[in-house]
Amino acid sequence: MNKISDAELKDKIRQIRLDCIKMFSHSGDGHFGGSFSCAEIVGTLYFRFMNIDPKNPHWVDRDRFIISKGHGGASVFSALSQLGYFPSQWFEHFNDLNASLSTHPNMYKVPGIDFSTGSLGHGLSLALGMALAGKMDGKTYKTYVIVGDGESNEGQIWEAAMACAQFKLENLICFVDRNSLTAGGPTEDIMGVEPFADKWRSFGWEVTEIDGHDINAITLALQASFVSKTEKPKLILSKTIKGKGVSFMENQTKWHSSRIDDSVHKAIIEELNK
């Protein structure tokens, strides 16, 4: 675990949200809700736990990370930039033609991105392959993945979930960003996933349920996963709030993806800087 205080980590997570706003303001729109709901998970992983090297993005023994809900990729871009993978000036060209940074992560354009995502449902399968390869090669790296709750409507998620248990991938840790909202409305109205935790357990996973905005809860859940004696893949079901950090965005479906004008931009910045 990297030595970083809670106060320092919270500052970096606040910067994730500020950087997202910078990117979305440039492009004119963005996925505010899902980028903000996973900010604490992304920040805690990158700044406190992941064994990676910004000077060597393709280091073979690095920990792997997949953001399966690729529309939340701006949060990952901020973490990578803060760690030194690329300059923050890239944010000023977000979604420009031929720019490196776009709505969904591109592994060929962004150092530190382990695989391109955006088409929902694929990320757990990608993480499965990485974790299985590591296990077969005798590597000690961890593979982390963040899956959306709305994304869990995809059948491929559950096919991968079965395979992860079948291959006893104890080196794979999956976070579910359980913000309970999709682009079309509440998850339980669109396609109910409850009882969510029990479903994962029935598929052979070791499940922990936490507050996904509590960095200490995230930290403790990860530490527990490292010392677990089971050979099961680990699922950290994280209760989150869509749009977390900006009061008028929280739990509002319309902020899944939306546009902002100068007055809204100013209000967001003022609230985050408090």
# chains A, B, ... in the order shown; residues from 1 in each chain; ligands from 1
>>> residues_around(residues="A:Ser25", least_positions_apart="2", cutoff="12 Å", atoms="only C-alpha atoms", output="number ranges by chain")
A: 18-23, 27-32, 91-95, 258-266, 268-269
>>> residues_around(residues="A:Glu8", least_positions_apart="6", cutoff="12 Å", atoms="only C-alpha atoms", output="VMD selection string")
chain A and resid 2 14 to 15 43 to 44 47 to 48 215
>>> write_last_selection(atoms="C-alpha atoms", output="tab-separated table (two decimals), in the first residue's frame")
chain	number	residue	atom	x	y	z
A	2	ASN	CA	1.33	3.44	-0.93
A	14	ARG	CA	-11.41	16.29	-5.44
A	15	GLN	CA	-8.95	17.01	-8.26
A	43	GLY	CA	-8.58	7.50	-6.56
A	44	THR	CA	-8.07	4.93	-3.80
A	47	PHE	CA	-3.03	6.57	-5.37
A	48	ARG	CA	-3.08	4.09	-2.50
A	215	ILE	CA	-12.06	5.84	1.32
>>> residues_around(residues="A:Leu9", least_positions_apart="2", cutoff="12 Å", atoms="only C-alpha atoms", output="VMD selection string")
chain A and resid 2 to 7 11 to 16 39 to 49 79 82 214 to 216 219
>>> select_by_dssp(residues="stretch 138-260 of chain A", states="alpha helix (DSSP H)", output="PDB file with C-alpha atoms, in the first residue's frame")
ATOM      1  CA  GLY A 155     -25.390 -11.272 -20.235  1.00  0.00           C
ATOM      2  CA  GLN A 156     -21.658 -11.258 -20.907  1.00  0.00           C
ATOM      3  CA  ILE A 157     -21.057  -9.926 -17.380  1.00  0.00           C
ATOM      4  CA  TRP A 158     -22.566 -13.079 -15.910  1.00  0.00           C
ATOM      5  CA  GLU A 159     -20.800 -15.411 -18.349  1.00  0.00           C
ATOM      6  CA  ALA A 160     -17.523 -13.839 -17.266  1.00  0.00           C
ATOM      7  CA  ALA A 161     -18.560 -14.029 -13.606  1.00  0.00           C
ATOM      8  CA  MET A 162     -19.041 -17.786 -13.930  1.00  0.00           C
ATOM      9  CA  ALA A 163     -15.702 -18.214 -15.679  1.00  0.00           C
ATOM     10  CA  CYS A 164     -13.832 -16.153 -13.063  1.00  0.00           C
ATOM     11  CA  ALA A 165     -15.111 -18.487 -10.342  1.00  0.00           C
ATOM     12  CA  GLN A 166     -14.433 -21.569 -12.445  1.00  0.00           C
ATOM     13  CA  THR A 187     -31.899   0.327 -12.445  1.00  0.00           C
ATOM     14  CA  GLU A 188     -34.742  -1.409 -10.670  1.00  0.00           C
ATOM     15  CA  ASP A 189     -37.256   0.115 -13.113  1.00  0.00           C
ATOM     16  CA  ILE A 190     -35.222  -0.662 -16.230  1.00  0.00           C
ATOM     17  CA  MET A 191     -34.009  -4.162 -15.332  1.00  0.00           C
ATOM     18  CA  PHE A 196     -27.453  -8.085  -6.308  1.00  0.00           C
ATOM     19  CA  ALA A 197     -24.947  -9.271  -3.682  1.00  0.00           C
ATOM     20  CA  ASP A 198     -26.605 -12.681  -3.431  1.00  0.00           C
ATOM     21  CA  LYS A 199     -26.427 -13.116  -7.190  1.00  0.00           C
ATOM     22  CA  TRP A 200     -22.668 -12.587  -7.173  1.00  0.00           C
ATOM     23  CA  ARG A 201     -22.276 -14.978  -4.249  1.00  0.00           C
ATOM     24  CA  SER A 202     -24.305 -17.607  -6.095  1.00  0.00           C
ATOM     25  CA  ILE A 215     -12.060   5.839   1.323  1.00  0.00           C
ATOM     26  CA  ASN A 216     -11.458   3.965   4.564  1.00  0.00           C
ATOM     27  CA  ALA A 217     -14.150   1.410   3.704  1.00  0.00           C
ATOM     28  CA  ILE A 218     -12.582   0.962   0.260  1.00  0.00           C
ATOM     29  CA  THR A 219      -9.143   0.606   1.846  1.00  0.00           C
ATOM     30  CA  LEU A 220     -10.290  -1.997   4.374  1.00  0.00           C
ATOM     31  CA  ALA A 221     -12.172  -3.998   1.723  1.00  0.00           C
ATOM     32  CA  LEU A 222      -9.087  -4.148  -0.482  1.00  0.00           C
ATOM     33  CA  GLN A 223      -6.811  -5.108   2.403  1.00  0.00           C
ATOM     34  CA  ALA A 224      -9.218  -7.884   3.362  1.00  0.00           C
ATOM     35  CA  SER A 225      -9.236  -9.177  -0.207  1.00  0.00           C
ATOM     36  CA  PHE A 226      -5.441  -9.452  -0.177  1.00  0.00           C
ATOM     37  CA  VAL A 227      -5.337 -11.673   2.920  1.00  0.00           C
TER      38      VAL A 227
END
>>> atom_distance(atom1="atom CA of A:Thr208", atom2="atom CA of A:Asp177")
12.8 Å
>>> closest_residue(among="A:Gly118, A:Glu209, A:Thr230, A:Val145", to="A:Leu169", atoms="only C-alpha atoms")
A:Thr230
>>> closest_residue(among="A:Trp205, A:Phe115, A:Tyr141, A:Phe86", to="A:Ile236", atoms="only C-alpha atoms")
A:Trp205
>>> select_by_dssp(residues="stretch 4-107 of chain A", states="strand (DSSP E)", output="PyMOL selection string")
chain A and resi 29-30+64-67
>>> write_last_selection(atoms="C-alpha atoms", output="compact mmCIF listing (two decimals), in the first residue's frame")
# COMPACT_ATOMS: atom_id res chain seq x y z
CA ASP A 29 -20.76 17.87 -22.56
CA GLY A 30 -19.77 14.76 -20.66
CA ARG A 64 -3.91 -4.11 -14.40
CA PHE A 65 -7.01 -1.90 -14.40
CA ILE A 66 -10.11 -1.96 -16.59
CA ILE A 67 -12.93 0.57 -16.37
>>> residues_around(residues="A:Glu206", least_positions_apart="6", cutoff="7 Å", atoms="only C-alpha atoms", output="list in words")
Lys232, Pro233, Lys234 and Leu235 of chain A
>>> residues_around(residues="A:Gly84", least_positions_apart="3", cutoff="10 Å", atoms="only C-alpha atoms", output="mmCIF file with N, CA and C atoms, in the first residue's frame")
data_model
loop_
_atom_site.group_PDB
_atom_site.id
_atom_site.type_symbol
_atom_site.label_atom_id
_atom_site.label_comp_id
_atom_site.auth_asym_id
_atom_site.auth_seq_id
_atom_site.Cartn_x
_atom_site.Cartn_y
_atom_site.Cartn_z
ATOM 1 N N ASP A 53 3.937 1.905 -12.772
ATOM 2 C CA ASP A 53 5.088 2.776 -12.988
ATOM 3 C C ASP A 53 4.795 3.727 -14.149
ATOM 4 N N PRO A 54 4.516 5.011 -13.875
ATOM 5 C CA PRO A 54 4.208 5.960 -14.941
ATOM 6 C C PRO A 54 5.318 6.073 -15.992
ATOM 7 N N LYS A 55 6.561 5.787 -15.600
ATOM 8 C CA LYS A 55 7.671 5.860 -16.547
ATOM 9 C C LYS A 55 7.754 4.626 -17.438
ATOM 10 N N SER A 78 -7.832 11.634 -15.205
ATOM 11 C CA SER A 78 -7.318 12.542 -14.182
ATOM 12 C C SER A 78 -6.293 11.844 -13.295
ATOM 13 N N ALA A 79 -6.612 10.633 -12.844
ATOM 14 C CA ALA A 79 -5.677 9.902 -11.981
ATOM 15 C C ALA A 79 -4.356 9.658 -12.694
ATOM 16 N N LEU A 80 -4.429 9.254 -13.950
ATOM 17 C CA LEU A 80 -3.206 8.979 -14.714
ATOM 18 C C LEU A 80 -2.374 10.249 -14.886
ATOM 19 N N SER A 81 -3.051 11.362 -15.170
ATOM 20 C CA SER A 81 -2.325 12.622 -15.341
ATOM 21 C C SER A 81 -1.673 13.053 -14.036
ATOM 22 N N PRO A 87 0.665 14.983 -19.568
ATOM 23 C CA PRO A 87 0.433 16.321 -18.988
ATOM 24 C C PRO A 87 -1.045 16.684 -18.931
ATOM 25 N N SER A 88 -1.401 17.502 -17.955
ATOM 26 C CA SER A 88 -2.794 17.915 -17.793
ATOM 27 C C SER A 88 -3.269 18.795 -18.951
ATOM 28 N N PRO A 111 -1.383 6.567 -22.555
ATOM 29 C CA PRO A 111 -0.509 5.717 -21.747
ATOM 30 C C PRO A 111 -1.143 5.421 -20.391
ATOM 31 N N GLY A 112 -1.065 4.171 -19.979
ATOM 32 C CA GLY A 112 -1.654 3.779 -18.705
ATOM 33 C C GLY A 112 -3.005 3.102 -18.832
#
